[in-house]
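Novice: What follows is upload_37.pdb, PDB, N, CA and C atoms.
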```pdb
ATOM      1  N   MET A 100       3.115  11.259  17.071
ATOM      2  CA  MET A 100       3.388  11.625  15.697
ATOM      3  C   MET A 100       3.596  10.349  14.874
ATOM      4  N   ILE A 101       2.990  10.305  13.722
ATOM      5  CA  ILE A 101       3.098   9.141  12.847
ATOM      6  C   ILE A 101       4.451   9.177  12.131
ATOM      7  N   PRO A 102       5.226   8.080  12.207
ATOM      8  CA  PRO A 102       6.551   8.078  11.581
ATOM      9  C   PRO A 102       6.471   8.006  10.050
ATOM     10  N   ILE A 103       7.450   8.633   9.406
ATOM     11  CA  ILE A 103       7.563   8.592   7.950
ATOM     12  C   ILE A 103       8.860   7.878   7.605
ATOM     13  N   ASP A 104       8.742   6.749   6.916
ATOM     14  CA  ASP A 104       9.899   5.966   6.499
ATOM     15  C   ASP A 104      10.431   6.531   5.177
ATOM     16  N   THR A 105      11.664   7.018   5.187
ATOM     17  CA  THR A 105      12.280   7.581   3.982
ATOM     18  C   THR A 105      13.432   6.716   3.482
ATOM     19  N   GLY A 106      13.603   5.521   4.027
ATOM     20  CA  GLY A 106      14.742   4.659   3.720
ATOM     21  C   GLY A 106      14.923   4.346   2.245
ATOM     22  N   ASP A 107      13.860   3.884   1.569
ATOM     23  CA  ASP A 107      13.975   3.558   0.146
ATOM     24  C   ASP A 107      14.326   4.789  -0.677
ATOM     25  N   TYR A 108      13.711   5.909  -0.345
ATOM     26  CA  TYR A 108      13.982   7.155  -1.063
ATOM     27  C   TYR A 108      15.446   7.559  -0.880
ATOM     28  N   GLU A 109      15.932   7.498   0.352
ATOM     29  CA  GLU A 109      17.309   7.910   0.637
ATOM     30  C   GLU A 109      18.331   7.024  -0.062
ATOM     31  N   CYS A 110      18.026   5.734  -0.226
ATOM     32  CA  CYS A 110      18.946   4.838  -0.944
ATOM     33  C   CYS A 110      19.126   5.265  -2.389
ATOM     34  N   ARG A 111      18.083   5.782  -2.999
ATOM     35  CA  ARG A 111      18.148   6.164  -4.418
ATOM     36  C   ARG A 111      18.569   7.608  -4.648
ATOM     37  N   PHE A 112      18.074   8.525  -3.816
ATOM     38  CA  PHE A 112      18.246   9.946  -4.103
ATOM     39  C   PHE A 112      18.932  10.751  -3.003
ATOM     40  N   GLY A 113      19.176  10.164  -1.854
ATOM     41  CA  GLY A 113      19.716  10.914  -0.722
ATOM     42  C   GLY A 113      18.594  11.483   0.129
ATOM     43  N   LYS A 114      18.956  12.335   1.072
ATOM     44  CA  LYS A 114      17.960  12.923   1.981
ATOM     45  C   LYS A 114      16.909  13.709   1.211
ATOM     46  N   PRO A 115      15.628  13.533   1.543
ATOM     47  CA  PRO A 115      14.580  14.309   0.869
ATOM     48  C   PRO A 115      14.644  15.772   1.293
ATOM     49  N   ALA A 116      14.683  16.644   0.327
ATOM     50  CA  ALA A 116      14.751  18.080   0.610
ATOM     51  C   ALA A 116      14.273  18.836  -0.622
ATOM     52  N   GLY A 117      13.965  20.097  -0.413
ATOM     53  CA  GLY A 117      13.588  20.946  -1.530
ATOM     54  C   GLY A 117      12.109  20.896  -1.835
ATOM     55  N   ARG A 118      11.775  21.496  -2.962
ATOM     56  CA  ARG A 118      10.387  21.618  -3.396
ATOM     57  C   ARG A 118      10.132  20.598  -4.501
ATOM     58  N   ALA A 119       9.087  19.784  -4.335
ATOM     59  CA  ALA A 119       8.733  18.769  -5.329
ATOM     60  C   ALA A 119       7.297  18.328  -5.087
ATOM     61  N   SER A 120       6.782  17.513  -5.981
ATOM     62  CA  SER A 120       5.510  16.830  -5.757
ATOM     63  C   SER A 120       5.860  15.493  -5.122
ATOM     64  N   TRP A 121       5.652  15.386  -3.834
ATOM     65  CA  TRP A 121       6.053  14.210  -3.066
ATOM     66  C   TRP A 121       4.938  13.180  -3.050
ATOM     67  N   THR A 122       5.317  11.892  -3.094
ATOM     68  CA  THR A 122       4.347  10.803  -3.061
ATOM     69  C   THR A 122       4.594   9.946  -1.822
ATOM     70  N   PHE A 123       3.512   9.664  -1.094
ATOM     71  CA  PHE A 123       3.584   8.891   0.137
ATOM     72  C   PHE A 123       2.626   7.713   0.056
ATOM     73  N   ARG A 124       2.965   6.617   0.714
ATOM     74  CA  ARG A 124       2.050   5.486   0.893
ATOM     75  C   ARG A 124       1.601   5.542   2.355
ATOM     76  N   ILE A 125       0.295   5.686   2.547
ATOM     77  CA  ILE A 125      -0.297   5.709   3.879
ATOM     78  C   ILE A 125      -0.638   4.261   4.229
ATOM     79  N   VAL A 126       0.059   3.700   5.205
ATOM     80  CA  VAL A 126      -0.085   2.292   5.552
ATOM     81  C   VAL A 126      -1.142   2.156   6.651
ATOM     82  N   SER A 127      -2.141   1.338   6.387
ATOM     83  CA  SER A 127      -3.238   1.152   7.329
ATOM     84  C   SER A 127      -2.861   0.174   8.434
ATOM     85  N   ALA A 128      -3.382   0.413   9.612
ATOM     86  CA  ALA A 128      -3.173  -0.495  10.738
ATOM     87  C   ALA A 128      -3.990  -1.774  10.569
ATOM     88  N   ASP A 129      -5.080  -1.688   9.826
ATOM     89  CA  ASP A 129      -5.968  -2.829   9.599
ATOM     90  C   ASP A 129      -5.591  -3.511   8.287
ATOM     91  N   PRO A 130      -5.198  -4.778   8.325
ATOM     92  CA  PRO A 130      -4.797  -5.460   7.093
ATOM     93  C   PRO A 130      -5.925  -5.596   6.065
ATOM     94  N   ALA A 131      -7.164  -5.432   6.491
ATOM     95  CA  ALA A 131      -8.297  -5.531   5.568
ATOM     96  C   ALA A 131      -8.471  -4.250   4.746
ATOM     97  N   ILE A 132      -7.829  -3.179   5.176
ATOM     98  CA  ILE A 132      -7.941  -1.894   4.476
ATOM     99  C   ILE A 132      -6.702  -1.701   3.618
ATOM    100  N   ARG A 133      -6.912  -1.395   2.349
ATOM    101  CA  ARG A 133      -5.789  -1.200   1.430
ATOM    102  C   ARG A 133      -5.021   0.074   1.772
ATOM    103  N   ASP A 134      -3.705   0.032   1.496
ATOM    104  CA  ASP A 134      -2.883   1.226   1.671
ATOM    105  C   ASP A 134      -3.342   2.293   0.677
ATOM    106  N   HIS A 135      -3.112   3.539   1.038
ATOM    107  CA  HIS A 135      -3.533   4.665   0.211
ATOM    108  C   HIS A 135      -2.285   5.396  -0.278
ATOM    109  N   VAL A 136      -2.216   5.699  -1.569
ATOM    110  CA  VAL A 136      -1.093   6.453  -2.113
ATOM    111  C   VAL A 136      -1.533   7.897  -2.276
ATOM    112  N   PHE A 137      -0.721   8.810  -1.759
ATOM    113  CA  PHE A 137      -1.039  10.235  -1.740
ATOM    114  C   PHE A 137       0.109  11.014  -2.373
ATOM    115  N   THR A 138      -0.197  11.880  -3.334
ATOM    116  CA  THR A 138       0.790  12.770  -3.949
ATOM    117  C   THR A 138       0.330  14.201  -3.709
ATOM    118  N   THR A 139       1.249  15.069  -3.315
ATOM    119  CA  THR A 139       0.888  16.469  -3.107
ATOM    120  C   THR A 139       0.384  17.048  -4.426
ATOM    121  N   HIS A 140      -0.588  17.948  -4.343
ATOM    122  CA  HIS A 140      -1.223  18.506  -5.543
ATOM    123  C   HIS A 140      -0.309  19.464  -6.300
ATOM    124  N   LYS A 141       0.619  20.055  -5.605
ATOM    125  CA  LYS A 141       1.554  20.993  -6.234
ATOM    126  C   LYS A 141       2.915  20.802  -5.583
ATOM    127  N   PRO A 142       3.979  21.260  -6.206
ATOM    128  CA  PRO A 142       5.303  21.160  -5.585
ATOM    129  C   PRO A 142       5.360  21.960  -4.275
ATOM    130  N   VAL A 143       5.756  21.291  -3.210
ATOM    131  CA  VAL A 143       5.896  21.924  -1.897
ATOM    132  C   VAL A 143       7.203  21.461  -1.267
ATOM    133  N   VAL A 144       7.664  22.168  -0.238
ATOM    134  CA  VAL A 144       8.860  21.736   0.473
ATOM    135  C   VAL A 144       8.535  20.452   1.230
ATOM    136  N   PHE A 145       9.553  19.641   1.485
ATOM    137  CA  PHE A 145       9.347  18.325   2.071
ATOM    138  C   PHE A 145       8.626  18.390   3.415
ATOM    139  N   GLU A 146       8.960  19.341   4.253
ATOM    140  CA  GLU A 146       8.339  19.445   5.576
ATOM    141  C   GLU A 146       6.833  19.678   5.463
ATOM    142  N   GLU A 147       6.415  20.508   4.513
ATOM    143  CA  GLU A 147       4.992  20.764   4.312
ATOM    144  C   GLU A 147       4.290  19.510   3.793
ATOM    145  N   ALA A 148       4.954  18.780   2.901
ATOM    146  CA  ALA A 148       4.386  17.531   2.377
ATOM    147  C   ALA A 148       4.201  16.515   3.505
ATOM    148  N   CYS A 149       5.169  16.444   4.415
ATOM    149  CA  CYS A 149       5.059  15.530   5.561
ATOM    150  C   CYS A 149       3.869  15.895   6.429
ATOM    151  N   HIS A 150       3.670  17.183   6.643
ATOM    152  CA  HIS A 150       2.534  17.642   7.441
ATOM    153  C   HIS A 150       1.212  17.207   6.790
ATOM    154  N   GLU A 151       1.088  17.397   5.473
ATOM    155  CA  GLU A 151      -0.119  16.983   4.754
ATOM    156  C   GLU A 151      -0.331  15.474   4.856
ATOM    157  N   ALA A 152       0.738  14.713   4.685
ATOM    158  CA  ALA A 152       0.645  13.252   4.750
ATOM    159  C   ALA A 152       0.222  12.795   6.143
ATOM    160  N   ARG A 153       0.771  13.426   7.172
ATOM    161  CA  ARG A 153       0.407  13.047   8.548
ATOM    162  C   ARG A 153      -1.054  13.361   8.847
ATOM    163  N   GLU A 154      -1.538  14.491   8.354
ATOM    164  CA  GLU A 154      -2.946  14.837   8.565
ATOM    165  C   GLU A 154      -3.858  13.808   7.901
ATOM    166  N   LEU A 155      -3.521  13.411   6.686
ATOM    167  CA  LEU A 155      -4.313  12.394   5.991
ATOM    168  C   LEU A 155      -4.225  11.054   6.715
ATOM    169  N   ALA A 156      -3.043  10.698   7.192
ATOM    170  CA  ALA A 156      -2.862   9.438   7.914
ATOM    171  C   ALA A 156      -3.684   9.430   9.203
ATOM    172  N   LYS A 157      -3.761  10.572   9.877
ATOM    173  CA  LYS A 157      -4.586  10.658  11.092
ATOM    174  C   LYS A 157      -6.047  10.398  10.773
ATOM    175  N   MET A 158      -6.538  11.000   9.685
ATOM    176  CA  MET A 158      -7.935  10.808   9.303
ATOM    177  C   MET A 158      -8.214   9.357   8.935
ATOM    178  N   ARG A 159      -7.238   8.679   8.354
ATOM    179  CA  ARG A 159      -7.406   7.282   7.950
ATOM    180  C   ARG A 159      -7.041   6.309   9.075
ATOM    181  N   ARG A 160      -6.666   6.840  10.231
ATOM    182  CA  ARG A 160      -6.253   6.042  11.396
ATOM    183  C   ARG A 160      -5.121   5.079  11.028
ATOM    184  N   SER A 161      -4.151   5.614  10.320
ATOM    185  CA  SER A 161      -3.014   4.815   9.876
ATOM    186  C   SER A 161      -1.887   4.887  10.888
ATOM    187  N   GLU A 162      -0.973   3.941  10.789
ATOM    188  CA  GLU A 162       0.108   3.865  11.771
ATOM    189  C   GLU A 162       1.479   4.180  11.194
ATOM    190  N   LYS A 163       1.585   4.252   9.865
ATOM    191  CA  LYS A 163       2.891   4.458   9.257
ATOM    192  C   LYS A 163       2.730   5.110   7.887
ATOM    193  N   ILE A 164       3.743   5.895   7.506
ATOM    194  CA  ILE A 164       3.776   6.542   6.200
ATOM    195  C   ILE A 164       5.129   6.213   5.571
ATOM    196  N   THR A 165       5.113   5.925   4.273
ATOM    197  CA  THR A 165       6.350   5.648   3.561
ATOM    198  C   THR A 165       6.483   6.632   2.409
ATOM    199  N   LEU A 166       7.651   7.272   2.286
ATOM    200  CA  LEU A 166       7.931   8.143   1.160
ATOM    201  C   LEU A 166       8.261   7.251  -0.030
ATOM    202  N   VAL A 167       7.530   7.415  -1.122
ATOM    203  CA  VAL A 167       7.693   6.562  -2.299
ATOM    204  C   VAL A 167       8.702   7.201  -3.251
ATOM    205  N   PRO A 168       9.788   6.482  -3.553
ATOM    206  CA  PRO A 168      10.747   7.032  -4.526
ATOM    207  C   PRO A 168      10.228   6.834  -5.946
ATOM    208  N   LEU A 169      10.114   7.914  -6.690
ATOM    209  CA  LEU A 169       9.676   7.836  -8.072
ATOM    210  C   LEU A 169      10.861   8.084  -8.979
ATOM    211  N   LEU A 170      10.899   7.410 -10.097
ATOM    212  CA  LEU A 170      12.007   7.574 -11.029
ATOM    213  C   LEU A 170      11.938   8.898 -11.768
ATOM    214  N   LEU A 171      10.737   9.345 -12.102
ATOM    215  CA  LEU A 171      10.578  10.600 -12.824
ATOM    216  C   LEU A 171       9.915  11.623 -11.921
ATOM    217  N   ARG A 172      10.571  12.694 -11.665
ATOM    218  CA  ARG A 172      10.010  13.793 -10.854
ATOM    219  C   ARG A 172       9.894  15.015 -11.741
ATOM    220  N   ARG A 173       8.824  15.747 -11.579
ATOM    221  CA  ARG A 173       8.632  16.983 -12.363
ATOM    222  C   ARG A 173       8.435  18.132 -11.458
TER     223      ARG A 173
END
```
Here is a file; write its structure as structure tokens.
Specialist:
Amino acid sequence: MIPIDTGDYECRFGKPAGRASWTFRIVSADPAIRDHVFTTHKPVVFEEACHEARELAKMRRSEKITLVPLLLRR
């Protein structure tokens, strides 16, 4: 399972929970490939957003995912 780093988010907002449009940075294992930023298309619960992010990370052969803390959430 690909790990999701929530440290920066937790410092600002606490544990991620609830329904929102979550944004993740998909970190590539290859330094020549740029990281990919992914935002859920609609507000979903955090667990579902993690599942979507992991599926995308698998397709991109990435090794790490970071939850991006945004100042404005809608």
Novice: Carefully work through the PyMOL selection byres ((chain A and resi 160) around 7) for this structure and note down the residues it includes, as a list in words.
Specialist: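 On the file shown, the PyMOL selection byres ((chain A and resi 160) around 7) covers Val126, Ser127, Ala128, Asp129, Leu155, Ala156, Lys157, Met158, Arg159, Ser161, Glu162 and Lys163 of chain A.
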Novice: Which value, in Å to one decimal, gives the distance between atom N of A:His140 and atom C of A:Ser120?
Specialist: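 Separation between atom N of A:His140 and atom C of A:Ser120: 6.9 Å.
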Novice: Box for stretch 124-129 of chain A - axis-aligned, 6 Å on each of the six sides, all listed atoms - centre and size in Å to one decimal, as lines of an AutoDock Vina configuration file.
Specialist:
```
center_x = -1.5
center_y = 1.6
center_z = 5.7
size_x = 20.9
size_y = 22.1
size_z = 22.0
```
Novice: If the PyMOL selection byres ((chain A and resi 133-139) around 7) is run on the structure shown, which residues does it catch, given as a list in words?
Specialist: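 On this input, the PyMOL selection byres ((chain A and resi 133-139) around 7) captures Ala119, Ser120, Trp121, Thr122, Phe123, Arg124, Ile125, Val126, Ser127, Asp129, Pro130, Ala131, Ile132, His140, Lys141, Pro142, Val143 and Ala148 of chain A.
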Novice: Please indicate the distance in Å from atom CA of A:Asp104 to atom CA of A:Arg118, rounded to one decimal place.
Specialist: 18.5 Å
Novice: Please report, as a count of residues only, each residue of chain A to which DSSP assigns strand (DSSP E or B) when run on this structure's backbone.
Specialist: 22
Novice: Can you pull out the residues contacting stretch 110-117 of chain A? Cut-off 7 Å, using all atoms listed in the file, and skip same-chain residues under 6 positions away; I want them as a PyMOL selection string.
Specialist: chain A and resi 143-146
Novice: Just list as a ChimeraX atom specification whatever in chain A DSSP marks as helix (DSSP H, G or I).
Specialist: /A:106-112,145-158
Novice: Can you list, as a list in words, every protein, DNA or RNA residue that comes within 7 Å of A:Thr105 when you count only N, CA and C atoms, leaving out same-chain residues fewer than 4 positions away?
Specialist: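 Neighbouring residues, sequence-local ones excluded: Glu109, Cys110, Ile164, Thr165, Leu166 and Val167 of chain A.
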Novice: Write only N, CA and C atoms for stretch 137-170 of chain A from the block just shown, as a PDB file, in the first residue's frame.
Specialist:
```pdb
ATOM      1  N   PHE A 137      -3.373  16.121  -7.633  1.00  0.00           N
ATOM      2  CA  PHE A 137      -4.683  15.533  -7.899  1.00  0.00           C
ATOM      3  C   PHE A 137      -5.687  16.062  -6.880  1.00  0.00           C
ATOM      4  N   THR A 138      -6.823  16.570  -7.348  1.00  0.00           N
ATOM      5  CA  THR A 138      -7.916  17.011  -6.480  1.00  0.00           C
ATOM      6  C   THR A 138      -9.147  16.190  -6.840  1.00  0.00           C
ATOM      7  N   THR A 139      -9.860  15.704  -5.835  1.00  0.00           N
ATOM      8  CA  THR A 139     -11.077  14.944  -6.105  1.00  0.00           C
ATOM      9  C   THR A 139     -12.063  15.842  -6.849  1.00  0.00           C
ATOM     10  N   HIS A 140     -12.829  15.252  -7.757  1.00  0.00           N
ATOM     11  CA  HIS A 140     -13.748  16.022  -8.604  1.00  0.00           C
ATOM     12  C   HIS A 140     -14.952  16.554  -7.835  1.00  0.00           C
ATOM     13  N   LYS A 141     -15.300  15.894  -6.769  1.00  0.00           N
ATOM     14  CA  LYS A 141     -16.441  16.320  -5.952  1.00  0.00           C
ATOM     15  C   LYS A 141     -16.093  16.065  -4.495  1.00  0.00           C
ATOM     16  N   PRO A 142     -16.790  16.683  -3.566  1.00  0.00           N
ATOM     17  CA  PRO A 142     -16.536  16.415  -2.147  1.00  0.00           C
ATOM     18  C   PRO A 142     -16.822  14.945  -1.802  1.00  0.00           C
ATOM     19  N   VAL A 143     -15.837  14.290  -1.219  1.00  0.00           N
ATOM     20  CA  VAL A 143     -15.969  12.894  -0.799  1.00  0.00           C
ATOM     21  C   VAL A 143     -15.372  12.744   0.595  1.00  0.00           C
ATOM     22  N   VAL A 144     -15.689  11.645   1.275  1.00  0.00           N
ATOM     23  CA  VAL A 144     -15.087  11.387   2.577  1.00  0.00           C
ATOM     24  C   VAL A 144     -13.605  11.089   2.373  1.00  0.00           C
ATOM     25  N   PHE A 145     -12.803  11.348   3.398  1.00  0.00           N
ATOM     26  CA  PHE A 145     -11.357  11.241   3.276  1.00  0.00           C
ATOM     27  C   PHE A 145     -10.908   9.847   2.844  1.00  0.00           C
ATOM     28  N   GLU A 146     -11.515   8.810   3.368  1.00  0.00           N
ATOM     29  CA  GLU A 146     -11.115   7.441   3.030  1.00  0.00           C
ATOM     30  C   GLU A 146     -11.305   7.161   1.540  1.00  0.00           C
ATOM     31  N   GLU A 147     -12.398   7.650   0.964  1.00  0.00           N
ATOM     32  CA  GLU A 147     -12.644   7.459  -0.463  1.00  0.00           C
ATOM     33  C   GLU A 147     -11.624   8.240  -1.292  1.00  0.00           C
ATOM     34  N   ALA A 148     -11.290   9.446  -0.843  1.00  0.00           N
ATOM     35  CA  ALA A 148     -10.282  10.256  -1.542  1.00  0.00           C
ATOM     36  C   ALA A 148      -8.925   9.551  -1.525  1.00  0.00           C
ATOM     37  N   CYS A 149      -8.581   8.938  -0.395  1.00  0.00           N
ATOM     38  CA  CYS A 149      -7.316   8.196  -0.298  1.00  0.00           C
ATOM     39  C   CYS A 149      -7.295   7.037  -1.277  1.00  0.00           C
ATOM     40  N   HIS A 150      -8.413   6.343  -1.391  1.00  0.00           N
ATOM     41  CA  HIS A 150      -8.507   5.224  -2.328  1.00  0.00           C
ATOM     42  C   HIS A 150      -8.272   5.711  -3.766  1.00  0.00           C
ATOM     43  N   GLU A 151      -8.911   6.821  -4.148  1.00  0.00           N
ATOM     44  CA  GLU A 151      -8.725   7.384  -5.488  1.00  0.00           C
ATOM     45  C   GLU A 151      -7.269   7.786  -5.719  1.00  0.00           C
ATOM     46  N   ALA A 152      -6.668   8.426  -4.729  1.00  0.00           N
ATOM     47  CA  ALA A 152      -5.277   8.869  -4.849  1.00  0.00           C
ATOM     48  C   ALA A 152      -4.336   7.676  -4.996  1.00  0.00           C
ATOM     49  N   ARG A 153      -4.586   6.620  -4.231  1.00  0.00           N
ATOM     50  CA  ARG A 153      -3.727   5.426  -4.321  1.00  0.00           C
ATOM     51  C   ARG A 153      -3.849   4.751  -5.682  1.00  0.00           C
ATOM     52  N   GLU A 154      -5.057   4.702  -6.221  1.00  0.00           N
ATOM     53  CA  GLU A 154      -5.241   4.106  -7.547  1.00  0.00           C
ATOM     54  C   GLU A 154      -4.475   4.897  -8.604  1.00  0.00           C
ATOM     55  N   LEU A 155      -4.550   6.215  -8.532  1.00  0.00           N
ATOM     56  CA  LEU A 155      -3.811   7.053  -9.477  1.00  0.00           C
ATOM     57  C   LEU A 155      -2.306   6.888  -9.285  1.00  0.00           C
ATOM     58  N   ALA A 156      -1.859   6.814  -8.042  1.00  0.00           N
ATOM     59  CA  ALA A 156      -0.434   6.640  -7.755  1.00  0.00           C
ATOM     60  C   ALA A 156       0.067   5.302  -8.300  1.00  0.00           C
ATOM     61  N   LYS A 157      -0.757   4.265  -8.206  1.00  0.00           N
ATOM     62  CA  LYS A 157      -0.369   2.960  -8.765  1.00  0.00           C
ATOM     63  C   LYS A 157      -0.173   3.054 -10.267  1.00  0.00           C
ATOM     64  N   MET A 158      -1.099   3.734 -10.950  1.00  0.00           N
ATOM     65  CA  MET A 158      -0.992   3.873 -12.400  1.00  0.00           C
ATOM     66  C   MET A 158       0.246   4.671 -12.790  1.00  0.00           C
ATOM     67  N   ARG A 159       0.629   5.637 -11.972  1.00  0.00           N
ATOM     68  CA  ARG A 159       1.797   6.470 -12.259  1.00  0.00           C
ATOM     69  C   ARG A 159       3.089   5.861 -11.703  1.00  0.00           C
ATOM     70  N   ARG A 160       2.985   4.692 -11.087  1.00  0.00           N
ATOM     71  CA  ARG A 160       4.126   3.995 -10.471  1.00  0.00           C
ATOM     72  C   ARG A 160       4.843   4.899  -9.465  1.00  0.00           C
ATOM     73  N   SER A 161       4.049   5.549  -8.643  1.00  0.00           N
ATOM     74  CA  SER A 161       4.586   6.465  -7.643  1.00  0.00           C
ATOM     75  C   SER A 161       4.827   5.740  -6.334  1.00  0.00           C
ATOM     76  N   GLU A 162       5.634   6.349  -5.486  1.00  0.00           N
ATOM     77  CA  GLU A 162       6.005   5.695  -4.232  1.00  0.00           C
ATOM     78  C   GLU A 162       5.443   6.383  -2.997  1.00  0.00           C
ATOM     79  N   LYS A 163       4.900   7.591  -3.160  1.00  0.00           N
ATOM     80  CA  LYS A 163       4.434   8.334  -1.998  1.00  0.00           C
ATOM     81  C   LYS A 163       3.346   9.320  -2.413  1.00  0.00           C
ATOM     82  N   ILE A 164       2.432   9.590  -1.476  1.00  0.00           N
ATOM     83  CA  ILE A 164       1.363  10.558  -1.689  1.00  0.00           C
ATOM     84  C   ILE A 164       1.386  11.519  -0.501  1.00  0.00           C
ATOM     85  N   THR A 165       1.196  12.804  -0.787  1.00  0.00           N
ATOM     86  CA  THR A 165       1.146  13.799   0.272  1.00  0.00           C
ATOM     87  C   THR A 165      -0.187  14.526   0.197  1.00  0.00           C
ATOM     88  N   LEU A 166      -0.881  14.643   1.335  1.00  0.00           N
ATOM     89  CA  LEU A 166      -2.106  15.417   1.407  1.00  0.00           C
ATOM     90  C   LEU A 166      -1.710  16.887   1.463  1.00  0.00           C
ATOM     91  N   VAL A 167      -2.217  17.680   0.532  1.00  0.00           N
ATOM     92  CA  VAL A 167      -1.845  19.090   0.428  1.00  0.00           C
ATOM     93  C   VAL A 167      -2.826  19.933   1.243  1.00  0.00           C
ATOM     94  N   PRO A 168      -2.310  20.681   2.224  1.00  0.00           N
ATOM     95  CA  PRO A 168      -3.212  21.565   2.982  1.00  0.00           C
ATOM     96  C   PRO A 168      -3.507  22.828   2.181  1.00  0.00           C
ATOM     97  N   LEU A 169      -4.774  23.100   1.950  1.00  0.00           N
ATOM     98  CA  LEU A 169      -5.171  24.302   1.240  1.00  0.00           C
ATOM     99  C   LEU A 169      -5.778  25.278   2.224  1.00  0.00           C
ATOM    100  N   LEU A 170      -5.546  26.546   2.016  1.00  0.00           N
ATOM    101  CA  LEU A 170      -6.080  27.559   2.917  1.00  0.00           C
ATOM    102  C   LEU A 170      -7.576  27.749   2.738  1.00  0.00           C
TER     103      LEU A 170
END
```
